[in-house]
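Peer 1: Following this line is coords37.txt, made up of compact mmCIF, C-alpha atoms:
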# COMPACT_ATOMS: atom_id res chain seq x y z
CA MET A 1 135.39 -36.59 31.78
CA VAL A 2 137.60 -39.61 31.91
CA LYS A 3 140.95 -38.12 30.82
CA GLY A 4 142.95 -41.10 32.00
CA LEU A 5 141.80 -40.48 35.57
CA TYR A 6 140.76 -43.02 38.16
CA LEU A 7 137.24 -42.67 39.55
CA GLU A 8 138.54 -41.11 42.81
CA GLU A 9 140.30 -38.33 40.88
CA ILE A 10 137.37 -37.26 38.73
CA GLU A 11 135.72 -33.99 39.75
CA ILE A 12 132.00 -33.53 39.21
CA GLY A 13 130.69 -30.39 37.49
CA VAL A 14 133.74 -29.95 35.26
CA GLU A 15 133.12 -29.27 31.57
CA ASP A 16 135.72 -30.08 28.93
CA PHE A 17 135.80 -28.96 25.31
CA LEU A 18 136.51 -32.16 23.37
CA GLY A 19 137.13 -30.79 19.89
CA ARG A 20 135.49 -29.71 16.65
CA HIS A 21 134.23 -31.81 13.76
CA HIS A 22 133.60 -30.49 10.24
CA PHE A 23 130.88 -32.28 8.25
CA THR A 24 131.73 -32.46 4.55
CA ARG A 25 129.17 -33.41 1.91
CA GLU A 26 131.28 -36.45 1.02
CA ALA A 27 131.40 -37.73 4.61
CA ILE A 28 127.68 -37.09 5.20
CA VAL A 29 126.71 -39.05 2.09
CA ARG A 30 129.23 -41.84 2.77
CA PHE A 31 127.91 -42.39 6.32
CA ALA A 32 124.29 -42.24 5.12
CA LYS A 33 124.90 -44.75 2.32
CA ALA A 34 126.24 -47.23 4.87
CA TYR A 35 123.82 -46.72 7.76
CA ASP A 36 121.00 -44.26 7.13
CA PRO A 37 120.10 -44.15 3.43
CA GLN A 38 117.16 -41.76 3.69
CA PRO A 39 116.85 -39.31 0.76
CA PHE A 40 117.53 -36.15 2.81
CA HIS A 41 120.94 -37.57 3.87
CA LEU A 42 121.90 -38.65 0.33
CA SER A 43 120.97 -36.01 -2.24
CA ASP A 44 120.70 -32.22 -2.36
CA GLU A 45 117.61 -32.40 -4.54
CA ALA A 46 115.67 -34.79 -2.32
CA ALA A 47 116.75 -32.85 0.78
CA ARG A 48 115.52 -29.57 -0.74
CA ASP A 49 112.05 -31.09 -1.09
CA SER A 50 112.08 -32.47 2.46
CA HIS A 51 111.20 -30.59 5.65
CA PHE A 52 114.96 -30.27 6.34
CA GLY A 53 115.38 -28.00 3.29
CA ALA A 54 118.99 -29.03 2.58
CA LEU A 55 121.31 -32.03 2.80
CA CYS A 56 121.99 -32.91 6.44
CA ALA A 57 123.91 -35.54 8.37
CA SER A 58 122.36 -38.66 9.87
CA GLY A 59 121.83 -38.11 13.57
CA TRP A 60 123.99 -41.16 14.19
CA HIS A 61 126.80 -39.55 12.20
CA THR A 62 126.65 -36.60 14.62
CA ALA A 63 126.72 -38.99 17.57
CA ALA A 64 129.68 -40.90 16.11
CA ALA A 65 131.56 -37.62 15.55
CA TRP A 66 131.02 -36.74 19.24
CA MET A 67 132.58 -40.09 20.14
CA LYS A 68 135.52 -39.46 17.81
CA CYS A 69 136.29 -36.18 19.63
CA TYR A 70 135.78 -37.82 23.04
CA VAL A 71 138.21 -40.66 22.30
CA ALA A 72 140.85 -38.32 20.82
CA PHE A 73 140.59 -35.96 23.80
CA ASN A 74 140.93 -38.81 26.29
CA GLU A 75 143.81 -40.36 24.38
CA LYS A 76 145.72 -37.07 24.53
CA SER A 77 145.19 -36.86 28.29
CA ARG A 78 146.24 -40.50 28.74
CA THR A 79 149.43 -39.94 26.74
CA GLU A 80 150.35 -36.90 28.87
CA ARG A 81 149.61 -38.79 32.06
CA SER A 82 151.64 -41.74 30.92
CA ARG A 83 154.58 -39.46 30.11
CA LYS A 84 154.48 -38.12 33.68
CA GLY A 85 154.65 -41.70 34.95
CA GLU A 86 151.25 -41.52 36.61
CA GLY A 87 149.12 -44.67 36.68
CA LEU A 88 146.63 -45.27 33.87
CA PRO A 89 143.29 -46.94 34.52
CA VAL A 90 141.96 -49.54 32.12
CA ILE A 91 139.39 -47.96 29.76
CA GLY A 92 135.89 -49.12 30.64
CA PRO A 93 132.86 -49.70 28.42
CA SER A 94 129.55 -47.84 28.55
CA PRO A 95 126.25 -49.48 29.50
CA GLY A 96 124.22 -46.94 27.50
CA PHE A 97 122.84 -43.41 27.45
CA GLU A 98 119.66 -41.44 28.04
CA ASN A 99 117.91 -38.34 26.67
CA LEU A 100 119.72 -38.16 23.37
CA LYS A 101 118.40 -35.14 21.46
CA TRP A 102 118.92 -34.04 17.87
CA LEU A 103 118.02 -30.40 18.47
CA LYS A 104 118.74 -29.04 14.98
CA PRO A 105 119.93 -30.59 11.71
CA VAL A 106 123.67 -30.68 10.99
CA TYR A 107 124.06 -29.39 7.43
CA VAL A 108 126.89 -29.70 4.88
CA ASP A 109 129.97 -27.70 6.01
CA ASP A 110 128.71 -27.19 9.55
CA THR A 111 131.43 -27.38 12.18
CA ILE A 112 130.23 -28.77 15.49
CA SER A 113 132.00 -28.09 18.80
CA PHE A 114 131.60 -31.01 21.17
CA SER A 115 131.81 -30.88 24.96
CA CYS A 116 131.32 -33.10 27.96
CA LYS A 117 130.49 -32.22 31.58
CA THR A 118 130.75 -34.62 34.51
CA THR A 119 127.44 -34.84 36.40
CA GLY A 120 127.82 -37.69 38.91
CA LYS A 121 129.75 -40.76 40.00
CA ARG A 122 129.26 -43.76 42.22
CA VAL A 123 131.06 -46.94 43.19
CA LEU A 124 129.62 -50.09 41.60
CA ASN A 125 128.65 -52.82 44.07
CA SER A 126 128.21 -55.29 41.23
CA ARG A 127 131.78 -54.97 39.91
CA ALA A 128 134.63 -54.66 42.42
CA GLY A 129 137.16 -51.98 41.59
CA TRP A 130 134.92 -50.09 39.18
CA GLY A 131 132.57 -47.12 39.33
CA LEU A 132 130.03 -45.45 37.07
CA LEU A 133 130.59 -41.91 35.84
CA ARG A 134 127.70 -39.87 34.45
CA PHE A 135 128.18 -36.96 32.09
CA ALA A 136 126.24 -34.51 29.92
CA ALA A 137 127.39 -34.37 26.29
CA THR A 138 126.68 -31.48 23.93
CA GLY A 139 127.29 -30.32 20.35
CA ILE A 140 127.02 -26.68 19.23
CA ASN A 141 127.21 -25.43 15.64
CA GLN A 142 129.22 -22.46 14.33
CA ALA A 143 126.20 -20.15 14.88
CA GLY A 144 126.18 -21.07 18.58
CA ASP A 145 123.04 -23.20 18.34
CA GLY A 146 122.85 -26.48 20.23
CA VAL A 147 122.39 -29.33 17.75
CA PHE A 148 123.04 -32.43 19.85
CA ALA A 149 122.93 -33.57 23.49
CA PHE A 150 122.77 -36.73 25.57
CA ASP A 151 123.31 -37.98 29.11
CA GLY A 152 126.07 -40.57 29.00
CA LYS A 153 127.58 -43.05 31.40
CA VAL A 154 130.81 -44.97 31.40
CA LEU A 155 132.55 -47.46 33.67
CA VAL A 156 135.71 -46.03 35.25
CA GLN A 157 138.31 -48.04 37.12
CA MET A 158 139.10 -47.18 40.76
CA ARG A 159 142.64 -46.66 41.99
CA LYS A 160 141.86 -48.85 44.96
CA GLY A 161 140.98 -52.08 43.19
CA GLY A 162 137.99 -53.55 45.03
CA MET B 1 105.42 -44.52 -6.96
CA LYS B 2 104.78 -46.99 -4.20
CA GLU B 3 102.44 -45.82 -1.45
CA LEU B 4 104.45 -44.65 1.55
CA LEU B 5 103.66 -45.65 5.11
CA HIS B 6 102.20 -42.78 7.12
CA PHE B 7 101.50 -42.04 10.79
CA GLU B 8 98.20 -43.92 10.61
CA ASP B 9 100.05 -47.12 9.66
CA PHE B 10 101.75 -47.36 13.08
CA PRO B 11 99.14 -48.59 15.58
CA VAL B 12 100.04 -48.73 19.29
CA GLY B 13 100.95 -52.23 20.42
CA GLU B 14 102.09 -53.47 17.01
CA VAL B 15 105.15 -55.73 17.18
CA LEU B 16 107.19 -56.44 14.04
CA GLU B 17 110.57 -58.06 13.37
CA PHE B 18 113.11 -56.85 10.84
CA GLY B 19 116.60 -57.53 9.62
CA ASN B 20 119.30 -60.11 9.32
CA TYR B 21 122.46 -58.03 9.52
CA LEU B 22 125.78 -59.87 9.55
CA VAL B 23 128.42 -58.04 11.58
CA THR B 24 132.00 -58.69 10.43
CA ALA B 25 135.31 -58.03 12.21
CA GLU B 26 136.33 -55.89 9.26
CA GLU B 27 133.27 -53.65 9.59
CA ILE B 28 133.71 -53.40 13.38
CA ARG B 29 137.30 -52.24 12.95
CA GLU B 30 136.49 -49.91 10.04
CA PHE B 31 133.77 -48.06 11.95
CA ALA B 32 135.87 -47.94 15.11
CA ARG B 33 139.00 -46.67 13.35
CA GLU B 34 137.01 -43.70 12.08
CA PHE B 35 134.83 -42.90 15.09
CA ASP B 36 135.70 -44.92 18.21
CA PRO B 37 139.30 -46.17 18.11
CA GLN B 38 139.35 -47.61 21.63
CA PRO B 39 141.50 -50.73 21.88
CA PHE B 40 138.60 -53.17 22.42
CA HIS B 41 137.01 -52.08 19.10
CA VAL B 42 140.11 -52.17 16.87
CA ASP B 43 142.62 -54.65 18.30
CA GLU B 44 141.82 -58.33 18.95
CA GLU B 45 144.60 -58.82 21.52
CA ALA B 46 143.79 -55.67 23.49
CA ALA B 47 140.12 -56.59 23.30
CA LYS B 48 140.77 -60.00 24.88
CA ALA B 49 142.41 -58.31 27.88
CA SER B 50 139.59 -55.77 28.28
CA LEU B 51 136.37 -56.00 30.31
CA LEU B 52 134.56 -56.90 27.06
CA GLY B 53 136.68 -60.04 26.67
CA GLY B 54 137.13 -59.84 22.89
CA LEU B 55 136.61 -57.67 19.83
CA SER B 56 133.23 -55.96 19.93
CA ALA B 57 131.44 -53.27 17.96
CA SER B 58 131.35 -49.67 19.15
CA GLY B 59 128.02 -48.91 20.81
CA TRP B 60 127.54 -46.12 18.29
CA HIS B 61 128.14 -48.63 15.52
CA VAL B 62 125.35 -50.75 17.03
CA CYS B 63 123.07 -47.67 16.92
CA ALA B 64 124.01 -47.11 13.27
CA ILE B 65 123.30 -50.78 12.45
CA ILE B 66 119.86 -50.52 14.14
CA MET B 67 119.21 -47.49 11.94
CA ARG B 68 120.18 -49.42 8.82
CA ILE B 69 117.92 -52.34 9.79
CA MET B 70 115.06 -49.86 10.33
CA VAL B 71 115.60 -48.05 7.02
CA ASP B 72 115.75 -51.34 5.09
CA GLY B 73 112.82 -52.80 7.04
CA TYR B 74 110.28 -49.96 6.92
CA TYR B 75 111.69 -46.46 7.34
CA GLY B 76 112.88 -46.31 3.75
CA ARG B 77 109.25 -46.62 2.59
CA THR B 78 107.84 -44.35 5.29
CA ALA B 79 106.99 -40.63 4.98
CA SER B 80 109.76 -39.99 7.50
CA MET B 81 110.44 -36.58 9.04
CA GLY B 82 113.51 -37.71 11.00
CA SER B 83 113.72 -38.00 14.76
CA THR B 84 113.96 -35.69 17.77
CA GLY B 85 115.89 -38.22 19.81
CA ILE B 86 116.32 -41.37 21.83
CA ASP B 87 114.93 -41.63 25.38
CA GLU B 88 117.16 -44.51 26.37
CA MET B 89 119.76 -46.82 24.87
CA LYS B 90 121.03 -49.89 26.70
CA TRP B 91 124.09 -51.70 25.39
CA LEU B 92 123.39 -55.00 27.15
CA LYS B 93 125.89 -57.43 25.58
CA PRO B 94 128.88 -56.94 23.29
CA VAL B 95 128.15 -57.28 19.56
CA ARG B 96 130.78 -59.64 18.13
CA PRO B 97 132.11 -60.53 14.69
CA GLY B 98 129.80 -63.14 13.15
CA ASP B 99 126.67 -61.96 14.97
CA ARG B 100 123.56 -61.79 12.82
CA LEU B 101 121.35 -59.06 14.21
CA SER B 102 117.61 -58.64 13.96
CA CYS B 103 115.36 -55.99 15.43
CA ARG B 104 111.98 -56.30 17.14
CA ARG B 105 110.03 -53.06 16.93
CA THR B 106 107.17 -52.33 19.34
CA THR B 107 105.05 -49.22 18.89
CA LEU B 108 104.53 -47.74 22.37
CA GLU B 109 102.75 -44.38 21.92
CA THR B 110 101.51 -42.25 19.04
CA ARG B 111 100.21 -38.69 18.84
CA VAL B 112 99.93 -35.85 16.34
CA SER B 113 102.06 -32.81 17.08
CA ALA B 114 99.96 -29.97 18.54
CA LYS B 115 102.17 -27.37 16.86
CA ARG B 116 102.47 -29.13 13.51
CA PRO B 117 99.32 -31.08 12.60
CA GLU B 118 101.09 -32.64 9.58
CA MET B 119 103.60 -34.38 11.89
CA GLY B 120 103.00 -37.58 13.84
CA ILE B 121 105.17 -38.46 16.84
CA VAL B 122 105.66 -42.20 17.28
CA LYS B 123 107.50 -43.65 20.28
CA MET B 124 108.99 -47.08 19.63
CA ARG B 125 111.07 -49.67 21.39
CA PHE B 126 113.72 -51.53 19.41
CA GLU B 127 115.18 -54.74 20.80
CA ILE B 128 118.22 -56.18 19.08
CA PHE B 129 118.82 -59.92 19.09
CA ASP B 130 121.43 -62.23 17.59
CA THR B 131 120.58 -65.60 16.05
CA ALA B 132 120.85 -67.28 19.47
CA SER B 133 118.06 -64.92 20.61
CA GLU B 134 120.37 -63.22 23.05
CA LYS B 135 119.28 -59.63 23.54
CA LYS B 136 122.20 -57.36 22.67
CA ALA B 137 120.68 -53.92 22.96
CA GLU B 138 117.45 -52.07 23.64
CA MET B 139 116.55 -48.60 22.47
CA THR B 140 113.48 -46.44 23.01
CA GLY B 141 113.08 -43.44 20.76
CA ILE B 142 110.99 -41.23 18.55
CA ASN B 143 110.17 -41.53 14.84
CA LEU B 144 108.56 -38.45 13.26
CA ILE B 145 106.16 -39.56 10.54
CA LYS B 146 103.89 -37.54 8.25
CA VAL B 147 100.16 -37.67 8.82
CA ARG B 148 98.29 -38.83 5.72
CA GLU B 149 96.74 -35.91 3.87
CA LYS B 150 92.97 -35.98 3.93
CA TRP B 151 91.55 -34.86 0.59
As structure tokens - that is how I would like this structure written.
Peer 2:
Amino acid sequence: MVKGLYLEEIEIGVEDFLGRHHFTREAIVRFAKAYDPQPFHLSDEAARDSHFGALCASGWHTAAAWMKCYVAFNEKSRTERSRKGEGLPVIGPSPGFENLKWLKPVYVDDTISFSCKTTGKRVLNSRAGWGLLRFAATGINQAGDGVFAFDGKVLVQMRKGG
Amino acid sequence: MKELLHFEDFPVGEVLEFGNYLVTAEEIREFAREFDPQPFHVDEEAAKASLLGGLSASGWHVCAIIMRIMVDGYYGRTASMGSTGIDEMKWLKPVRPGDRLSCRRTTLETRVSAKRPEMGIVKMRFEIFDTASEKKAEMTGINLIKVREKW
């Protein structure tokens, strides 16, 4: 996890609970209308006739909700750190992800708990003063079933610049 | 009703181009405010000072735009069964306000599910370009598509 930490301070193998996200019918349909207008994301009737059996969120809506929890969690940590007068690294971008899995549908009124576990880090030779952090992201529904996972990476600034 | 595309309509090696999606600053900020409110996605000044060097779309927004281009281009008239996931996503270059994005789809592998003979599993690569033909992103993932019923 990033948590306003410099690369040197980040421990590997630490899992953080990022937050919960509740998926309302209104939000599921609104996201789908904009980005994924397939019938089973738009209407109860069409979803009932599909292999999903009921209205469910676009997989990209689930991914975006993970990000929302991740950013809010990090922002809280950065604010606390800033209050203590500790240094704050510049937030880095992400070059991508791997192994994203939509394990089960996210249905109307599901509440997904999102987490993130650090899995590795290394100093970047190509960009002085920066490193790459790897993490495993997950989403679990209220029944305890995994619905979402991916292996992420993000650039993290080093305390010792270059 | 119009005939839907089925598993058999996705031959390995086929390359098709879709989309002409104009990305605006307003849409970048709107998506980011809801899902990814990091400074370089919502604030022009902060974005200029960041590693990205200016306002750019959230990577998840880029994924959502690829989805929209796919649905408009072919998935909306496909007997779709959703997707199990994405093997790899590379955000290669920032997507900026004013970019017009198109998507090149290459069908890499196809097979029928052993467990569910009505379901085809199609692996595809999606490359995203702007009008200057700069590659912005590349994604490899799975489309689940119904096998045509044989009567």
Peer 1: Out of A:Asp49, A:Glu8, A:Glu15, A:Asp110, which residue has the shortest atom-to-atom distance to Ala136 of chain A when counting only C-alpha atoms?
Peer 2: A:Glu15
Peer 1: With the cut-off set at 8 Å and counting only C-alpha atoms, tabulate each residue of chain B with an atom at most that distance from an atom of chain A, showing the nearest atom pair and its distance in Å to one decimal, ordered by chain and increasing number, as CSV.
Peer 2:
residue,atom,partner,partner_atom,distance
B:Glu34,CA,A:Lys68,CA,7.3
B:Phe35,CA,A:Lys68,CA,4.4
B:Asp36,CA,A:Lys68,CA,5.5
B:Pro37,CA,A:Val71,CA,7.0
B:Gln38,CA,A:Val71,CA,7.1
B:Ser50,CA,A:Val90,CA,7.7
B:Leu51,CA,A:Gly92,CA,6.9
B:Leu52,CA,A:Pro93,CA,7.5
B:Gly59,CA,A:Gly96,CA,7.9
B:Trp60,CA,A:Ala64,CA,6.0
B:His61,CA,A:Ala64,CA,7.9
B:Cys63,CA,A:Trp60,CA,7.1
B:Ala64,CA,A:Tyr35,CA,5.5
B:Ile65,CA,A:Tyr35,CA,6.2
B:Met67,CA,A:Asp36,CA,6.1
B:Arg68,CA,A:Tyr35,CA,4.7
B:Val71,CA,A:Asp36,CA,6.6
B:Gly76,CA,A:Gln38,CA,6.2
B:Met81,CA,A:His51,CA,6.9
B:Ser83,CA,A:Trp102,CA,7.2
B:Thr84,CA,A:Trp102,CA,5.2
B:Gly85,CA,A:Lys101,CA,4.3
B:Ile86,CA,A:Leu100,CA,4.9
B:Asp87,CA,A:Asn99,CA,4.6
B:Glu88,CA,A:Glu98,CA,4.3
B:Met89,CA,A:Gly96,CA,5.2
B:Lys90,CA,A:Gly96,CA,4.4
B:Trp91,CA,A:Pro95,CA,5.1
B:Leu92,CA,A:Pro95,CA,6.6
Peer 1: B:Ile128, B:Ala79, B:Ile145, B:Ile121: which is nearest Leu4 of chain B, counting only C-alpha atoms?
Peer 2: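 Closest to Leu4 of chain B of all the choices is B:Ala79.
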Peer 1: What does the structure give for the distance between atom CA of Asp16 of chain A and atom CA of Ile112 of chain A, in Å to one decimal?
Peer 2: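 Atom-to-atom, atom CA of Asp16 of chain A and atom CA of Ile112 of chain A are spaced 14.6 Å apart.
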Peer 1: Using only C-alpha atoms, determine which residues lie at most 8 Å from Leu101 of chain B, disregarding the query and same-chain residues fewer than 4 positions distant; provide the list as an MDAnalysis selection string.
Peer 2: chainID B and resid 19:23 128:131
Peer 1: So which residues touch Val14 of chain A within 10 Å, counting all atoms listed in the file, skipping near sequence neighbours fewer than 3 positions away, as a list in words?
Peer 2: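 Counting all atoms listed in the file, the residues come to Met1, Ile10, Glu11, Cys116, Lys117, Thr118, Thr119 and Phe135 of chain A.
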Peer 1: By how many Å are atom CA of Thr78 of chain B and atom CA of Leu5 of chain B apart?
Peer 2: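 Taking atom CA of Thr78 of chain B and atom CA of Leu5 of chain B, their separation equals 4.4 Å.
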Peer 1: Would you mind reading off the distance between atom CA of Gly131 of chain A and atom CA of Phe73 of chain A, one decimal, in Å?
Peer 2: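 If I compute the distance from atom CA of Gly131 of chain A to atom CA of Phe73 of chain A, I get 20.7 Å.
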